[in-house]
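Structure, as structure tokens:
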Amino acid sequence: MTGAEFTDHLSSRPLLYQPGTVWDYGFGLDVLGLVIEQLTEQSLGSYLQQNVWKPLGMADTGFLVRPTRPHATRRRCPVIR
């Protein structure tokens, strides 16, 4: 599904709840990512890398762990029951 198809589908759906009555995760950040991609003509990952992570010195931050940076993977935390 393309970004345009996603926003068309999302905008055609009714609200699940009346505003202010229930808190739930929404699609606001997904739509914001699509807007950033549209305005900058870059992928969201490229935009964030150039404008957020690189200026902050966050070399190991991204959507995927690069195979050349295996030390950047986090160790799994034990499950607490």
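By order in the structure tokens, chains are A, B, ...; within a chain, residues start at 1; ligands start at 1, following the order shown.
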
Query - Exercise: A:Phe27 partners within 12 Å, only C-alpha atoms, chain neighbours under 5 positions left out, as an MDAnalysis selection string - result: chainID A and resid 6:7 9:11 15 32:34

Could you dump the residues just selected with all heavy atoms as a tab-separated table (two decimals), in the first residue's frame?
```
chain	number	residue	atom	x	y	z
A	6	PHE	N	-2.73	4.67	1.79
A	6	PHE	CA	-2.92	4.57	3.24
A	6	PHE	C	-3.71	5.75	3.77
A	6	PHE	O	-4.68	5.58	4.52
A	6	PHE	CB	-1.55	4.48	3.94
A	6	PHE	CG	-1.64	4.52	5.44
A	6	PHE	CD1	-2.09	3.43	6.15
A	6	PHE	CD2	-1.26	5.65	6.12
A	6	PHE	CE1	-2.17	3.46	7.53
A	6	PHE	CE2	-1.33	5.70	7.51
A	6	PHE	CZ	-1.79	4.60	8.21
A	7	THR	N	-3.32	6.97	3.39
A	7	THR	CA	-4.04	8.14	3.91
A	7	THR	C	-5.46	8.22	3.35
A	7	THR	O	-6.37	8.63	4.06
A	7	THR	CB	-3.28	9.45	3.63
A	7	THR	OG1	-2.99	9.54	2.23
A	7	THR	CG2	-2.00	9.51	4.43
A	9	HIS	N	-7.34	5.61	2.61
A	9	HIS	CA	-8.09	4.61	3.37
A	9	HIS	C	-8.37	5.11	4.78
A	9	HIS	O	-9.49	5.01	5.28
A	9	HIS	CB	-7.33	3.30	3.40
A	9	HIS	CG	-8.00	2.24	4.21
A	9	HIS	ND1	-9.12	1.56	3.78
A	9	HIS	CD2	-7.73	1.75	5.44
A	9	HIS	CE1	-9.50	0.70	4.70
A	9	HIS	NE2	-8.67	0.80	5.73
A	10	LEU	N	-7.35	5.66	5.42
A	10	LEU	CA	-7.49	6.14	6.80
A	10	LEU	C	-8.53	7.26	6.89
A	10	LEU	O	-9.35	7.27	7.80
A	10	LEU	CB	-6.13	6.63	7.31
A	10	LEU	CG	-6.04	7.04	8.76
A	10	LEU	CD1	-6.36	5.86	9.68
A	10	LEU	CD2	-4.65	7.58	9.06
A	11	SER	N	-8.52	8.16	5.93
A	11	SER	CA	-9.45	9.28	5.98
A	11	SER	C	-10.89	8.87	5.67
A	11	SER	O	-11.83	9.61	5.98
A	11	SER	CB	-9.01	10.39	5.03
A	11	SER	OG	-9.08	9.94	3.68
A	15	LEU	N	-14.23	7.51	13.02
A	15	LEU	CA	-13.49	7.48	14.28
A	15	LEU	C	-13.97	6.30	15.12
A	15	LEU	O	-15.16	5.97	15.11
A	15	LEU	CB	-13.70	8.77	15.06
A	15	LEU	CG	-13.15	10.05	14.45
A	15	LEU	CD1	-13.55	11.25	15.30
A	15	LEU	CD2	-11.64	9.96	14.31
A	32	LEU	N	2.54	11.69	9.89
A	32	LEU	CA	3.62	12.67	9.95
A	32	LEU	C	4.84	12.19	9.17
A	32	LEU	O	5.46	12.97	8.43
A	32	LEU	CB	4.01	12.96	11.40
A	32	LEU	CG	5.16	13.93	11.60
A	32	LEU	CD1	4.83	15.30	11.01
A	32	LEU	CD2	5.49	14.04	13.07
A	33	GLY	N	5.18	10.92	9.29
A	33	GLY	CA	6.28	10.36	8.51
A	33	GLY	C	6.04	10.47	7.02
A	33	GLY	O	6.95	10.82	6.25
A	34	LEU	N	4.82	10.21	6.58
A	34	LEU	CA	4.48	10.35	5.16
A	34	LEU	C	4.58	11.80	4.70
A	34	LEU	O	5.03	12.09	3.59
A	34	LEU	CB	3.08	9.79	4.90
A	34	LEU	CG	2.93	8.28	5.06
A	34	LEU	CD1	1.47	7.89	5.02
A	34	LEU	CD2	3.72	7.54	3.99
```

Requested in this report: Among the residues of stretch 3-45 of chain A, find those DSSP assigns to helix (DSSP H, G or I) from the backbone and print them as JSON, numbers by chain.
Outcome: {"A": [3, 4, 5, 6, 7, 8, 9, 10, 11, 12, 28, 29, 30, 31, 32, 33, 34, 35, 36, 37, 38, 39, 40, 44, 45]}

Restricted to N, CA, C and O atoms, what would the selected residues look like written as a JSON list (two decimals), in the first residue's frame?
```
[["chain", "number", "residue", "atom", "x", "y", "z"],
["A", 3, "GLY", "N", 1.77, 5.37, 0.39],
["A", 3, "GLY", "CA", 1.40, 6.38, 1.39],
["A", 3, "GLY", "C", 0.08, 7.04, 1.05],
["A", 3, "GLY", "O", -0.76, 7.27, 1.93],
["A", 4, "ALA", "N", -0.12, 7.34, -0.22],
["A", 4, "ALA", "CA", -1.37, 7.98, -0.65],
["A", 4, "ALA", "C", -2.56, 7.05, -0.42],
["A", 4, "ALA", "O", -3.62, 7.48, 0.04],
["A", 5, "GLU", "N", -2.38, 5.77, -0.74],
["A", 5, "GLU", "CA", -3.46, 4.80, -0.51],
["A", 5, "GLU", "C", -3.78, 4.67, 0.98],
["A", 5, "GLU", "O", -4.94, 4.59, 1.37],
["A", 6, "PHE", "N", -2.73, 4.67, 1.79],
["A", 6, "PHE", "CA", -2.92, 4.57, 3.24],
["A", 6, "PHE", "C", -3.71, 5.75, 3.77],
["A", 6, "PHE", "O", -4.68, 5.58, 4.52],
["A", 7, "THR", "N", -3.32, 6.97, 3.39],
["A", 7, "THR", "CA", -4.04, 8.14, 3.91],
["A", 7, "THR", "C", -5.46, 8.22, 3.35],
["A", 7, "THR", "O", -6.37, 8.63, 4.06],
["A", 8, "ASP", "N", -5.66, 7.82, 2.11],
["A", 8, "ASP", "CA", -7.02, 7.78, 1.56],
["A", 8, "ASP", "C", -7.89, 6.80, 2.34],
["A", 8, "ASP", "O", -9.03, 7.11, 2.70],
["A", 9, "HIS", "N", -7.34, 5.61, 2.61],
["A", 9, "HIS", "CA", -8.09, 4.61, 3.37],
["A", 9, "HIS", "C", -8.37, 5.11, 4.78],
["A", 9, "HIS", "O", -9.49, 5.01, 5.28],
["A", 10, "LEU", "N", -7.35, 5.66, 5.42],
["A", 10, "LEU", "CA", -7.49, 6.14, 6.80],
["A", 10, "LEU", "C", -8.53, 7.26, 6.89],
["A", 10, "LEU", "O", -9.35, 7.27, 7.80],
["A", 11, "SER", "N", -8.52, 8.16, 5.93],
["A", 11, "SER", "CA", -9.45, 9.28, 5.98],
["A", 11, "SER", "C", -10.89, 8.87, 5.67],
["A", 11, "SER", "O", -11.83, 9.61, 5.98],
["A", 12, "SER", "N", -11.07, 7.70, 5.08],
["A", 12, "SER", "CA", -12.43, 7.25, 4.76],
["A", 12, "SER", "C", -13.07, 6.46, 5.91],
["A", 12, "SER", "O", -14.25, 6.15, 5.84],
["A", 28, "GLY", "N", -1.19, 9.04, 13.89],
["A", 28, "GLY", "CA", -0.64, 10.37, 13.71],
["A", 28, "GLY", "C", 0.82, 10.39, 13.31],
["A", 28, "GLY", "O", 1.23, 11.13, 12.41],
["A", 29, "LEU", "N", 1.65, 9.56, 13.96],
["A", 29, "LEU", "CA", 3.07, 9.55, 13.62],
["A", 29, "LEU", "C", 3.33, 8.92, 12.26],
["A", 29, "LEU", "O", 4.26, 9.31, 11.56],
["A", 30, "ASP", "N", 2.49, 7.96, 11.88],
["A", 30, "ASP", "CA", 2.62, 7.37, 10.55],
["A", 30, "ASP", "C", 2.34, 8.43, 9.48],
["A", 30, "ASP", "O", 3.07, 8.55, 8.49],
["A", 31, "VAL", "N", 1.28, 9.19, 9.69],
["A", 31, "VAL", "CA", 0.92, 10.25, 8.74],
["A", 31, "VAL", "C", 2.01, 11.32, 8.72],
["A", 31, "VAL", "O", 2.41, 11.80, 7.66],
["A", 32, "LEU", "N", 2.54, 11.69, 9.89],
["A", 32, "LEU", "CA", 3.62, 12.67, 9.95],
["A", 32, "LEU", "C", 4.84, 12.19, 9.17],
["A", 32, "LEU", "O", 5.46, 12.97, 8.43],
["A", 33, "GLY", "N", 5.18, 10.92, 9.29],
["A", 33, "GLY", "CA", 6.28, 10.36, 8.51],
["A", 33, "GLY", "C", 6.04, 10.47, 7.02],
["A", 33, "GLY", "O", 6.95, 10.82, 6.25],
["A", 34, "LEU", "N", 4.82, 10.21, 6.58],
["A", 34, "LEU", "CA", 4.48, 10.35, 5.16],
["A", 34, "LEU", "C", 4.58, 11.80, 4.70],
["A", 34, "LEU", "O", 5.03, 12.09, 3.59],
["A", 35, "VAL", "N", 4.16, 12.73, 5.56],
["A", 35, "VAL", "CA", 4.25, 14.16, 5.23],
["A", 35, "VAL", "C", 5.71, 14.57, 5.09],
["A", 35, "VAL", "O", 6.08, 15.27, 4.13],
["A", 36, "ILE", "N", 6.56, 14.12, 6.00],
["A", 36, "ILE", "CA", 7.99, 14.44, 5.92],
["A", 36, "ILE", "C", 8.58, 13.89, 4.63],
["A", 36, "ILE", "O", 9.33, 14.58, 3.94],
["A", 37, "GLU", "N", 8.23, 12.66, 4.27],
["A", 37, "GLU", "CA", 8.73, 12.08, 3.03],
["A", 37, "GLU", "C", 8.27, 12.87, 1.81],
["A", 37, "GLU", "O", 9.05, 13.11, 0.88],
["A", 38, "GLN", "N", 7.03, 13.31, 1.83],
["A", 38, "GLN", "CA", 6.48, 14.06, 0.71],
["A", 38, "GLN", "C", 7.15, 15.43, 0.57],
["A", 38, "GLN", "O", 7.51, 15.85, -0.52],
["A", 39, "LEU", "N", 7.33, 16.12, 1.69],
["A", 39, "LEU", "CA", 7.91, 17.46, 1.65],
["A", 39, "LEU", "C", 9.40, 17.47, 1.33],
["A", 39, "LEU", "O", 9.88, 18.37, 0.65],
["A", 40, "THR", "N", 10.12, 16.47, 1.82],
["A", 40, "THR", "CA", 11.58, 16.46, 1.64],
["A", 40, "THR", "C", 12.03, 15.63, 0.45],
["A", 40, "THR", "O", 13.20, 15.71, 0.07],
["A", 44, "LEU", "N", 11.93, 8.55, 5.15],
["A", 44, "LEU", "CA", 11.92, 9.03, 6.52],
["A", 44, "LEU", "C", 13.24, 8.70, 7.21],
["A", 44, "LEU", "O", 13.81, 9.53, 7.93],
["A", 45, "GLY", "N", 13.76, 7.51, 6.97],
["A", 45, "GLY", "CA", 15.04, 7.11, 7.56],
["A", 45, "GLY", "C", 16.18, 8.02, 7.14],
["A", 45, "GLY", "O", 17.00, 8.43, 7.97]]
```

Pick out the residues sitting within 12 Å of A:Met58, and hand them over as a short mmCIF file (atom, residue, chain, number, x, y, z; two decimals) with N, CA and C atoms, in the first residue's frame; count only C-alpha atoms, and ignore anything fewer than 4 positions along from it in its own chain.
```cif
data_model
loop_
_atom_site.label_atom_id
_atom_site.label_comp_id
_atom_site.auth_asym_id
_atom_site.auth_seq_id
_atom_site.Cartn_x
_atom_site.Cartn_y
_atom_site.Cartn_z
N LEU A 48 15.69 11.51 8.86
CA LEU A 48 16.05 11.47 10.27
C LEU A 48 17.55 11.34 10.46
N GLN A 49 18.19 10.52 9.63
CA GLN A 49 19.64 10.34 9.72
C GLN A 49 20.36 11.67 9.50
N GLN A 50 19.99 12.41 8.47
CA GLN A 50 20.66 13.66 8.13
C GLN A 50 20.34 14.79 9.10
N ASN A 51 19.11 14.86 9.57
CA ASN A 51 18.66 16.03 10.31
C ASN A 51 18.50 15.85 11.81
N VAL A 52 18.53 14.61 12.27
CA VAL A 52 18.35 14.38 13.70
C VAL A 52 19.51 13.56 14.26
N TRP A 53 19.65 12.31 13.80
CA TRP A 53 20.59 11.41 14.42
C TRP A 53 22.05 11.81 14.19
N LYS A 54 22.42 12.15 12.96
CA LYS A 54 23.81 12.52 12.68
C LYS A 54 24.22 13.79 13.43
N GLY A 62 18.72 4.04 14.18
CA GLY A 62 18.06 3.91 12.89
C GLY A 62 16.94 2.90 12.99
N ALA A 72 26.14 -2.98 17.82
CA ALA A 72 25.09 -2.00 18.13
C ALA A 72 23.78 -2.66 18.55
#
```

**Report entry** Between atom CA of A:Thr61 and atom CA of A:Ser46, distance in Å (one decimal)
**Finding:** 11.7 Å

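Here atom CA of A:Leu16 is placed at a distance of 23.1 Å from atom CA of A:Thr2.
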
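Pairwise distance (atom CA of A:Phe63, atom CA of A:Gly26) equals 19.7 Å.
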